[in-house]
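Engineer: Here you go, coords09.txt (compact mmCIF, C-alpha atoms (C1' of nucleotides)):
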```txt
# COMPACT_ATOMS: atom_id res chain seq x y z
CA MET X 22 80.58 90.69 -27.25
CA THR X 23 82.67 91.87 -30.11
CA ALA X 24 86.19 90.70 -30.61
CA TRP X 25 87.20 93.97 -32.15
CA GLY X 26 90.92 93.65 -31.81
CA PHE X 27 91.90 92.53 -35.29
CA GLU X 28 90.85 95.84 -36.80
CA LYS X 29 92.99 98.89 -37.01
CA HIS X 30 92.53 101.34 -34.23
CA ASP X 31 94.20 104.23 -32.50
CA HIS X 32 96.62 102.20 -30.49
CA THR X 33 97.94 105.03 -28.33
CA HIS X 34 94.69 104.89 -26.44
CA CYS X 35 95.04 101.21 -25.75
CA ILE X 36 98.01 101.72 -23.48
CA ALA X 37 97.00 104.92 -21.77
CA ASP X 38 93.40 103.93 -21.22
CA GLY X 39 94.36 100.44 -20.18
CA VAL X 40 96.77 101.56 -17.48
CA GLU X 41 94.32 104.20 -16.39
CA ALA X 42 91.58 101.62 -15.95
CA VAL X 43 93.88 99.37 -13.95
CA ALA X 44 95.03 102.26 -11.77
CA THR X 45 91.44 103.20 -11.04
CA ALA X 46 90.50 99.64 -10.20
CA CYS X 47 93.48 99.31 -7.89
CA GLN X 48 92.62 102.46 -6.05
CA ALA X 49 89.03 101.38 -5.68
CA ARG X 50 90.07 98.04 -4.26
CA GLY X 51 93.02 99.12 -2.18
CA LEU X 52 95.59 97.33 -4.32
CA GLN X 53 99.09 98.63 -4.85
CA LEU X 54 99.95 99.30 -8.44
CA THR X 55 103.69 99.42 -7.89
CA PRO X 56 106.14 100.57 -10.57
CA VAL X 57 107.00 97.07 -11.71
CA ARG X 58 103.36 96.02 -11.88
CA ARG X 59 102.39 99.15 -13.75
CA ARG X 60 105.22 98.77 -16.21
CA VAL X 61 104.40 95.11 -16.87
CA GLN X 62 100.80 96.03 -17.56
CA GLU X 63 101.97 98.73 -19.97
CA ILE X 64 104.22 96.28 -21.75
CA LEU X 65 101.37 93.83 -22.12
CA LEU X 66 99.07 96.55 -23.38
CA SER X 67 101.61 97.73 -25.89
CA GLU X 68 100.88 94.86 -28.22
CA HIS X 69 97.80 92.87 -29.05
CA ARG X 70 99.49 89.58 -28.64
CA ALA X 71 100.63 87.34 -25.85
CA MET X 72 104.10 87.90 -24.46
CA GLY X 73 106.31 85.41 -22.71
CA ALA X 74 107.45 86.17 -19.18
CA TYR X 75 111.07 86.27 -20.25
CA GLU X 76 110.32 88.63 -23.08
CA ILE X 77 108.77 91.01 -20.59
CA LEU X 78 111.69 90.48 -18.27
CA ASP X 79 114.11 91.55 -21.00
CA THR X 80 112.35 94.90 -21.18
CA LEU X 81 112.30 95.36 -17.43
CA ARG X 82 115.97 94.49 -17.31
CA ALA X 83 116.81 97.08 -19.93
CA GLU X 84 115.02 99.65 -17.82
CA GLY X 85 116.59 98.64 -14.54
CA LEU X 86 113.30 97.59 -13.01
CA GLY X 87 114.33 94.10 -12.10
CA SER X 88 116.42 91.44 -13.63
CA GLN X 89 115.39 88.10 -12.23
CA PRO X 90 112.50 85.83 -13.21
CA PRO X 91 110.63 86.08 -9.90
CA VAL X 92 110.23 89.82 -10.44
CA VAL X 93 108.21 89.41 -13.57
CA TYR X 94 106.35 86.33 -12.39
CA ARG X 95 105.27 88.12 -9.25
CA ALA X 96 103.99 91.06 -11.19
CA LEU X 97 102.17 88.76 -13.60
CA ASP X 98 100.66 86.80 -10.72
CA PHE X 99 99.29 90.01 -9.30
CA LEU X 100 97.86 91.18 -12.60
CA VAL X 101 96.32 87.82 -13.42
CA LYS X 102 94.94 87.29 -9.94
CA HIS X 103 93.12 90.58 -10.03
CA GLY X 104 91.87 90.20 -13.57
CA PHE X 105 94.06 92.83 -15.23
CA ALA X 106 95.82 90.30 -17.43
CA HIS X 107 95.33 86.72 -18.50
CA LYS X 108 97.53 83.78 -19.17
CA VAL X 109 97.13 82.17 -22.57
CA GLU X 110 97.75 78.54 -21.68
CA ARG X 111 98.23 77.43 -25.22
CA LEU X 112 101.17 79.76 -25.60
CA ASN X 113 102.46 79.83 -22.04
CA ALA X 114 102.29 83.57 -22.42
CA PHE X 115 100.41 86.54 -21.06
CA THR X 116 98.17 89.23 -22.43
CA ALA X 117 96.46 92.34 -21.07
CA CYS X 118 92.80 92.13 -20.30
CA ASN X 119 90.29 93.95 -22.45
CA HIS X 120 88.06 95.07 -19.66
CA PRO X 121 90.14 95.04 -16.52
CA GLY X 122 88.43 94.78 -13.23
CA GLU X 123 85.18 93.38 -14.47
CA SER X 124 84.74 89.79 -13.55
CA HIS X 125 84.49 87.65 -16.63
CA THR X 126 85.47 84.41 -18.25
CA PRO X 127 87.97 85.17 -20.93
CA ALA X 128 88.23 83.37 -24.25
CA PHE X 129 90.91 83.93 -26.83
CA LEU X 130 91.28 83.90 -30.58
CA ILE X 131 94.91 83.25 -31.42
CA CYS X 132 96.28 83.73 -34.92
CA ARG X 133 98.91 81.09 -35.58
CA GLN X 134 100.40 83.14 -38.42
CA CYS X 135 100.92 86.59 -36.95
CA GLY X 136 100.50 85.81 -33.29
CA ALA X 137 97.71 88.30 -32.69
CA VAL X 138 95.60 87.49 -29.68
CA VAL X 139 92.14 88.87 -29.20
CA GLU X 140 89.99 88.44 -26.18
CA ALA X 141 86.41 87.46 -26.74
CA ALA X 142 83.80 86.41 -24.27
CA ALA X 143 82.46 82.97 -23.78
CA GLU X 144 80.47 81.48 -20.98
CA PRO X 145 81.42 77.89 -21.44
CA ALA X 146 80.04 77.00 -18.06
CA LYS X 147 76.64 77.79 -19.50
CA GLY X 148 76.99 75.82 -22.70
CA ALA X 149 77.62 72.22 -23.57
CA LEU X 150 80.55 72.00 -21.19
CA GLY X 151 78.47 73.25 -18.30
CA ALA X 152 75.79 70.70 -19.14
CA ALA X 153 78.32 67.88 -19.18
CA ALA X 154 79.73 69.07 -15.87
CA ASP X 155 76.30 69.25 -14.26
CA GLN X 156 75.53 65.80 -15.47
CA VAL X 157 78.42 64.26 -13.58
CA GLY X 158 78.33 66.59 -10.62
CA PHE X 159 81.52 68.45 -11.44
CA GLU X 160 81.76 71.95 -10.05
CA ILE X 161 83.45 74.31 -12.50
CA GLU X 162 85.51 77.06 -10.92
CA GLN X 163 87.58 78.31 -13.83
CA THR X 164 87.69 77.68 -17.52
CA VAL X 165 90.25 77.96 -20.27
CA VAL X 166 88.85 78.60 -23.72
CA GLU X 167 91.26 79.28 -26.53
CA ALA X 168 90.87 78.99 -30.27
CA GLU X 169 93.79 78.85 -32.64
CA GLY X 170 93.47 79.66 -36.31
CA LEU X 171 93.85 82.46 -38.80
CA CYS X 172 92.90 86.06 -38.28
CA PRO X 173 91.16 87.94 -41.11
CA ALA X 174 94.33 89.64 -42.29
CA CYS X 175 96.31 86.41 -42.50
CA ARG X 176 93.49 84.61 -44.27
CA ASN X 177 93.55 87.25 -46.96
CA LYS X 178 97.28 86.99 -47.41
CA GLY X 179 96.69 83.50 -48.65
CA PRO X 180 96.99 80.21 -46.87
CA ARG X 181 100.69 79.82 -46.36
CA ASN X 182 100.47 76.60 -44.48
CA ALA X 183 96.85 76.03 -43.95
CA MET V 5 78.06 63.17 -24.40
CA THR V 6 78.54 61.75 -20.98
CA ALA V 7 81.62 62.51 -18.98
CA TRP V 8 81.44 59.21 -17.19
CA GLY V 9 84.96 59.03 -15.92
CA PHE V 10 84.51 60.11 -12.34
CA GLU V 11 82.48 57.04 -11.52
CA LYS V 12 83.90 53.72 -10.49
CA HIS V 13 84.37 51.26 -13.26
CA ASP V 14 86.23 48.13 -14.21
CA HIS V 15 89.53 49.74 -14.90
CA THR V 16 91.28 46.72 -16.37
CA HIS V 17 89.20 47.22 -19.47
CA CYS V 18 90.29 50.82 -19.83
CA ILE V 19 93.86 49.85 -20.62
CA ALA V 20 93.28 46.75 -22.70
CA ASP V 21 90.42 48.18 -24.71
CA GLY V 22 92.18 51.48 -25.13
CA VAL V 23 95.34 49.98 -26.55
CA GLU V 24 93.28 47.66 -28.66
CA ALA V 25 91.36 50.54 -30.18
CA VAL V 26 94.57 52.41 -30.93
CA ALA V 27 96.17 49.34 -32.48
CA THR V 28 93.17 48.85 -34.72
CA ALA V 29 93.13 52.47 -35.78
CA CYS V 30 96.84 52.36 -36.57
CA GLN V 31 96.44 49.28 -38.69
CA ALA V 32 93.56 50.81 -40.56
CA ARG V 33 95.50 53.94 -41.29
CA GLY V 34 98.89 52.45 -41.93
CA LEU V 35 100.50 53.93 -38.85
CA GLN V 36 103.23 52.20 -36.91
CA LEU V 37 102.39 51.52 -33.30
CA THR V 38 105.95 50.90 -32.20
CA PRO V 39 106.81 49.52 -28.74
CA VAL V 40 107.56 52.91 -27.26
CA ARG V 41 104.38 54.42 -28.65
CA ARG V 42 102.27 51.52 -27.46
CA ARG V 43 103.80 51.61 -24.00
CA VAL V 44 103.27 55.36 -23.65
CA GLN V 45 99.64 54.94 -24.61
CA GLU V 46 99.29 52.19 -22.00
CA ILE V 47 100.86 54.37 -19.36
CA LEU V 48 98.46 57.19 -20.20
CA LEU V 49 95.51 54.82 -20.11
CA SER V 50 96.56 53.41 -16.77
CA GLU V 51 95.28 56.43 -14.90
CA HIS V 52 92.44 58.82 -15.43
CA ARG V 53 94.54 61.85 -14.98
CA ALA V 54 97.03 63.84 -16.95
CA MET V 55 100.66 62.80 -16.74
CA GLY V 56 103.70 64.94 -17.30
CA ALA V 57 106.12 63.92 -20.02
CA TYR V 58 108.89 63.38 -17.50
CA GLU V 59 106.68 61.24 -15.31
CA ILE V 60 106.06 58.99 -18.29
CA LEU V 61 109.74 59.07 -19.10
CA ASP V 62 110.57 57.80 -15.63
CA THR V 63 108.50 54.71 -16.30
CA LEU V 64 110.02 54.12 -19.72
CA ARG V 65 113.44 54.52 -18.21
CA ALA V 66 112.72 51.92 -15.53
CA GLU V 67 111.72 49.53 -18.29
CA GLY V 68 114.67 50.23 -20.53
CA LEU V 69 112.53 51.60 -23.30
CA GLY V 70 114.29 54.89 -23.61
CA SER V 71 115.79 57.32 -21.20
CA GLN V 72 115.95 60.71 -22.86
CA PRO V 73 113.26 63.37 -23.18
CA PRO V 74 113.03 63.22 -26.98
CA VAL V 75 111.90 59.61 -26.77
CA VAL V 76 108.78 60.39 -24.82
CA TYR V 77 108.05 63.65 -26.62
CA ARG V 78 108.23 61.91 -29.98
CA ALA V 79 105.83 59.24 -28.84
CA LEU V 80 103.48 61.85 -27.39
CA ASP V 81 103.64 63.89 -30.59
CA PHE V 82 102.61 60.85 -32.54
CA LEU V 83 99.76 59.98 -30.21
CA VAL V 84 98.47 63.53 -30.03
CA LYS V 85 98.80 64.14 -33.76
CA HIS V 86 96.70 61.11 -34.56
CA GLY V 87 94.13 61.74 -31.88
CA PHE V 88 95.03 58.91 -29.50
CA ALA V 89 95.98 61.25 -26.71
CA HIS V 90 95.53 64.89 -25.85
CA LYS V 91 97.58 67.56 -24.21
CA VAL V 92 95.98 69.31 -21.29
CA GLU V 93 97.37 72.79 -21.72
CA ARG V 94 96.43 73.95 -18.29
CA LEU V 95 98.62 71.28 -16.75
CA ASN V 96 101.27 70.92 -19.42
CA ALA V 97 100.47 67.26 -19.26
CA PHE V 98 98.98 64.51 -21.35
CA THR V 99 96.06 62.17 -21.15
CA ALA V 100 94.72 59.28 -23.20
CA CYS V 101 91.80 59.92 -25.48
CA ASN V 102 88.41 58.50 -24.66
CA HIS V 103 87.46 57.57 -28.17
CA PRO V 104 90.68 57.26 -30.08
CA GLY V 105 90.57 57.66 -33.78
CA GLU V 106 87.31 59.49 -34.01
CA SER V 107 87.78 63.07 -34.93
CA HIS V 108 86.50 65.31 -32.20
CA THR V 109 87.11 68.45 -30.25
CA PRO V 110 88.09 67.46 -26.77
CA ALA V 111 87.14 69.31 -23.62
CA PHE V 112 88.36 68.49 -20.15
CA LEU V 113 87.10 68.59 -16.62
CA ILE V 114 90.06 68.79 -14.27
CA CYS V 115 89.73 68.26 -10.54
CA ARG V 116 92.12 70.54 -8.73
CA GLN V 117 91.98 68.41 -5.61
CA CYS V 118 92.62 64.89 -6.79
CA GLY V 119 93.93 65.59 -10.27
CA ALA V 120 91.37 63.46 -12.08
CA VAL V 121 90.87 64.46 -15.68
CA VAL V 122 87.81 63.50 -17.64
CA GLU V 123 87.26 64.13 -21.27
CA ALA V 124 83.93 65.56 -22.27
CA ALA V 125 82.77 66.86 -25.59
CA ALA V 126 82.23 70.42 -26.50
CA GLU V 127 81.83 72.08 -29.82
CA PRO V 128 82.95 75.53 -28.91
CA ALA V 129 83.26 76.47 -32.54
CA LYS V 130 79.51 76.17 -32.68
CA GLY V 131 78.73 78.18 -29.60
CA ALA V 132 79.40 81.69 -28.42
CA LEU V 133 83.05 81.46 -29.34
CA GLY V 134 82.25 80.42 -32.89
CA ALA V 135 79.85 83.30 -33.18
CA ALA V 136 82.45 85.78 -31.99
CA ALA V 137 84.97 84.32 -34.42
CA ASP V 138 82.56 84.53 -37.35
CA GLN V 139 81.79 88.08 -36.49
CA VAL V 140 85.38 89.20 -36.89
CA GLY V 141 86.28 86.81 -39.68
CA PHE V 142 88.52 84.59 -37.63
CA GLU V 143 88.90 81.04 -38.88
CA ILE V 144 89.07 78.55 -36.03
CA GLU V 145 91.24 75.53 -36.64
CA GLN V 146 91.68 74.12 -33.18
CA THR V 147 90.29 74.83 -29.78
CA VAL V 148 91.35 74.29 -26.21
CA VAL V 149 88.54 73.94 -23.70
CA GLU V 150 89.40 73.05 -20.15
CA ALA V 151 87.48 73.50 -16.94
CA GLU V 152 89.09 73.33 -13.54
CA GLY V 153 87.13 72.68 -10.40
CA LEU V 154 86.04 69.94 -8.06
CA CYS V 155 84.94 66.47 -9.03
CA PRO V 156 81.95 64.92 -7.27
CA ALA V 157 84.06 62.86 -4.89
CA CYS V 158 86.15 65.82 -3.77
CA ARG V 159 83.08 68.01 -3.33
CA ASN V 160 81.66 65.47 -0.94
CA LYS V 161 84.83 65.22 1.06
CA GLY V 162 84.20 68.77 2.05
CA PRO V 163 85.70 71.95 0.67
CA ARG V 164 89.28 71.78 1.83
CA ASN V 165 90.33 74.95 0.19
CA ALA V 166 87.41 76.08 -1.80
C1' DT H 28 122.85 50.15 -54.74
C1' DT H 29 121.37 53.98 -53.70
C1' DG H 30 118.27 57.17 -52.15
C1' DT H 31 114.66 58.36 -49.08
C1' DA H 32 111.50 58.24 -45.30
C1' DG H 33 110.51 57.05 -40.82
C1' DG H 34 112.05 55.40 -36.61
C1' DT H 35 115.48 55.29 -32.67
C1' DG H 36 119.11 56.81 -29.38
C1' DG H 37 121.65 60.19 -27.70
C1' DT H 38 123.82 65.04 -26.19
C1' DA H 39 123.09 69.44 -25.28
C1' DT H 40 120.48 73.32 -24.43
C1' DA H 41 116.39 76.35 -24.62
C1' DA H 42 112.30 78.08 -22.47
C1' DT H 43 109.21 78.35 -18.71
C1' DA H 44 108.49 78.52 -13.73
C1' DT H 45 109.19 78.25 -8.67
C1' DA H 46 111.48 77.46 -3.96
C1' DA H 47 113.78 79.65 -0.58
C1' DC H 48 115.84 83.21 1.88
C1' DA H 49 117.55 87.95 2.88
C1' DT H 50 116.21 92.77 2.65
C1' DT H 51 113.49 96.98 2.46
C1' DA H 52 109.39 100.10 3.16
C1' DC H 53 105.80 101.45 5.58
C1' DA H 54 101.73 101.76 8.52
C1' DA H 55 99.56 100.31 13.17
C1' DG H 56 99.89 100.10 17.87
C1' DC H 57 102.32 100.76 22.04
C1' DG B 5 110.42 106.88 19.29
C1' DC B 6 110.18 101.96 18.92
C1' DT B 7 108.48 97.59 17.65
C1' DT B 8 105.86 94.65 15.13
C1' DG B 9 103.36 92.85 11.16
C1' DT B 10 102.55 92.86 6.32
C1' DA B 11 103.59 93.45 1.67
C1' DA B 12 106.80 94.10 -1.76
C1' DT B 13 111.47 93.54 -3.56
C1' DG B 14 116.09 91.48 -4.66
C1' DT B 15 118.72 87.52 -5.47
C1' DT B 16 120.44 82.78 -5.85
C1' DA B 17 119.61 78.50 -7.15
C1' DT B 18 116.98 75.04 -9.09
C1' DA B 19 112.91 72.60 -10.94
C1' DT B 20 110.09 71.60 -14.86
C1' DT B 21 108.86 71.42 -19.58
C1' DA B 22 110.39 71.19 -24.34
C1' DT B 23 113.27 71.24 -28.58
C1' DA B 24 117.44 71.46 -31.80
C1' DC B 25 120.49 68.69 -33.64
C1' DC B 26 123.35 64.78 -35.08
C1' DA B 27 124.32 59.84 -35.82
C1' DC B 28 122.61 55.54 -36.98
C1' DC B 29 119.51 51.87 -38.54
C1' DT B 30 115.94 49.63 -41.27
C1' DA B 31 112.53 49.02 -44.89
C1' DC B 32 111.49 49.78 -49.23
C1' DA B 33 111.29 51.53 -53.70
C1' DA B 34 113.66 53.80 -57.82
```
Translate this structure into structure tokens?
Structural biologist:
Amino acid sequence: MTAWGFEKHDHTHCIADGVEAVATACQARGLQLTPVRRRVQEILLSEHRAMGAYEILDTLRAEGLGSQPPVVYRALDFLVKHGFAHKVERLNAFTACNHPGESHTPAFLICRQCGAVVEAAAEPAKGALGAAADQVGFEIEQTVVEAEGLCPACRNKGPRNA
Amino acid sequence: MTAWGFEKHDHTHCIADGVEAVATACQARGLQLTPVRRRVQEILLSEHRAMGAYEILDTLRAEGLGSQPPVVYRALDFLVKHGFAHKVERLNAFTACNHPGESHTPAFLICRQCGAVVEAAAEPAKGALGAAADQVGFEIEQTVVEAEGLCPACRNKGPRNA
DNA sequence: TTGTAGGTGGTATAATATAACATTACAAGC
DNA sequence: GCTTGTAATGTTATATTATACCACCTACAA
């Protein structure tokens, strides 16, 4: 797959198309895309980076959609559970999924300079990790694959603290 | 590499040899293995699972080695920075390194049932993830690779909530 | 002897996350 | 219509993880 996200693109589509895709998937699967859930997904889609739960909560609060932590955590749980968003463990933060609905094993490229997060694909269970797991009889159910480094733009700006 | 850790083994060696290896590496590199640092490493080595910082702190506290969070976080920072321990992002917890001192990219197999954590090796930067990164010009500096699932023992006990 | 660097010990607080319980909305079945 | 079950919401309180910051101490070199 291509991790296209570092390039410039018409970002207005990202939000609209993203929410649209989630709405469609919800309808198909009989899931309720409630106002809070929809808004959280929009917020996540609005930037190609990972956002903390409390950062999202601030926005919801400003809009009167809920003011307490459980509100945002519940919405995030829903989105993550159904594959519409992912948690970036390294950052304890969340990001919208690139191809919502499709089952996949996400992997992330995280720029430590600008904070951009791009979803790539990796099938670690099929690579060296899967081999090691097989060898000892470990059954992999979920994987976390995250790479931290410098995105193309930040590399070009010169190594500030590389 | 072999992820041998799920099997039974003579565990007394794990602690002694582990601390020994760290002490040697510190001497070779001119690092100070102070009492707190040594004790934290021992505590991590004492179990093949990941331990939370506050869990470690409880032990230190009981032994009069320090009672405040910064004490344990400083020791963990030191150990992680120099490759003697790793942070398991998925669990926000820490575990001793299998081959301290050697530079390597750790990967973990985490049993969701019994909490066992075993370090394996993976070179994700060389696999699909590395390819995706190259493609977009992303420079990988560090990776997090963690798999969650069931260890052999827990698989045999029957799928309690699989 | 005076910096300076690294270590320690501590307070306070920030940031992330969940437990627990009351309330509301709505559809299914009587 | 009424009741019942389920899912979502609202809210309080608290748990868990992590860091900022300041004071002090020791070794060691300028």
Engineer: Excluding segment 41-48 of chain H and its own-chain neighbours fewer than 2 positions away, which residues fall within 12 Å of it when counting all atoms listed in the file? Please give them as an NGL selection string.
Structural biologist: (:X and (73-76 or 89-95 or 98 or 110 or 112-114)) or (:V and (96)) or (:H and (39 or 50)) or (:B and (14-24))
Engineer: Generate the output file for the selected residues, C-alpha atoms (C1' of nucleotides), as a short mmCIF file (atom, residue, chain, number, x, y, z; two decimals), in the coordinates of the input.
Structural biologist:
```
data_model
loop_
_atom_site.label_atom_id
_atom_site.label_comp_id
_atom_site.auth_asym_id
_atom_site.auth_seq_id
_atom_site.Cartn_x
_atom_site.Cartn_y
_atom_site.Cartn_z
CA GLY X 73 106.31 85.41 -22.71
CA ALA X 74 107.45 86.17 -19.18
CA TYR X 75 111.07 86.27 -20.25
CA GLU X 76 110.32 88.63 -23.08
CA GLN X 89 115.39 88.10 -12.23
CA PRO X 90 112.50 85.83 -13.21
CA PRO X 91 110.63 86.08 -9.90
CA VAL X 92 110.23 89.82 -10.44
CA VAL X 93 108.21 89.41 -13.57
CA TYR X 94 106.35 86.33 -12.39
CA ARG X 95 105.27 88.12 -9.25
CA ASP X 98 100.66 86.80 -10.72
CA GLU X 110 97.75 78.54 -21.68
CA LEU X 112 101.17 79.76 -25.60
CA ASN X 113 102.46 79.83 -22.04
CA ALA X 114 102.29 83.57 -22.42
CA ASN V 96 101.27 70.92 -19.42
"C1'" DA H 39 123.09 69.44 -25.28
"C1'" DT H 50 116.21 92.77 2.65
"C1'" DG B 14 116.09 91.48 -4.66
"C1'" DT B 15 118.72 87.52 -5.47
"C1'" DT B 16 120.44 82.78 -5.85
"C1'" DA B 17 119.61 78.50 -7.15
"C1'" DT B 18 116.98 75.04 -9.09
"C1'" DA B 19 112.91 72.60 -10.94
"C1'" DT B 20 110.09 71.60 -14.86
"C1'" DT B 21 108.86 71.42 -19.58
"C1'" DA B 22 110.39 71.19 -24.34
"C1'" DT B 23 113.27 71.24 -28.58
"C1'" DA B 24 117.44 71.46 -31.80
#
```
Engineer: With a cut-off of 9 Å, could you pull out the residues of chain H touching chain V and give me the nearest pair of atoms for each, distance in Å to one decimal, using all atoms listed in the file, ordered by chain and ascending number, as a tab-separated table?
Structural biologist:
```
residue	atom	partner	partner_atom	distance
H:DG34	C1'	V:Thr38	CA	8.8
H:DT35	C1'	V:Val75	CA	8.1
H:DG36	C1'	V:Gly70	CA	7.8
H:DG37	C1'	V:Gln72	CA	7.5
```
Engineer: Expressed in Å to a single decimal, how great is the separation between atom CA of Val109 of chain X and atom CA of Val166 of chain X?
Structural biologist: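 Separating atom CA of Val109 of chain X from atom CA of Val166 of chain X is a distance of 9.1 Å.
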Engineer: For chain V, report every residue with an atom at most 10 Å from chain X (counting all atoms listed in the file), formatted as a VMD selection string.
Structural biologist: chain V and resid 5 to 11 91 to 96 111 to 116 122 to 129 131 to 159 166
Engineer: Quick one: of X:Thr80, X:Leu86, X:Gln62, X:Glu41, who's nearest to chain B, counting only C-alpha atoms (C1' of nucleotides)?
Structural biologist: X:Leu86
Engineer: Report the distance between atom CA of Phe115 of chain X and atom CA of Met72 of chain X in Å, rounded to one decimal place.
Structural biologist: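 That distance, rounded to one decimal, is 5.2 Å.
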Engineer: What does the distance between atom CA of Leu78 of chain X and atom CA of Val40 of chain X come to in Å, to one decimal place?
Structural biologist: 18.6 Å
Engineer: Identify which of the residues X:Pro56, X:Gly104, X:Pro121, X:Pro127 lies closest to chain B, counting only C-alpha atoms (C1' of nucleotides) when measuring atom-to-atom distances.
Structural biologist: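 Comparing X:Pro56, X:Gly104, X:Pro121, X:Pro127 against chain B, the winner is X:Pro56.
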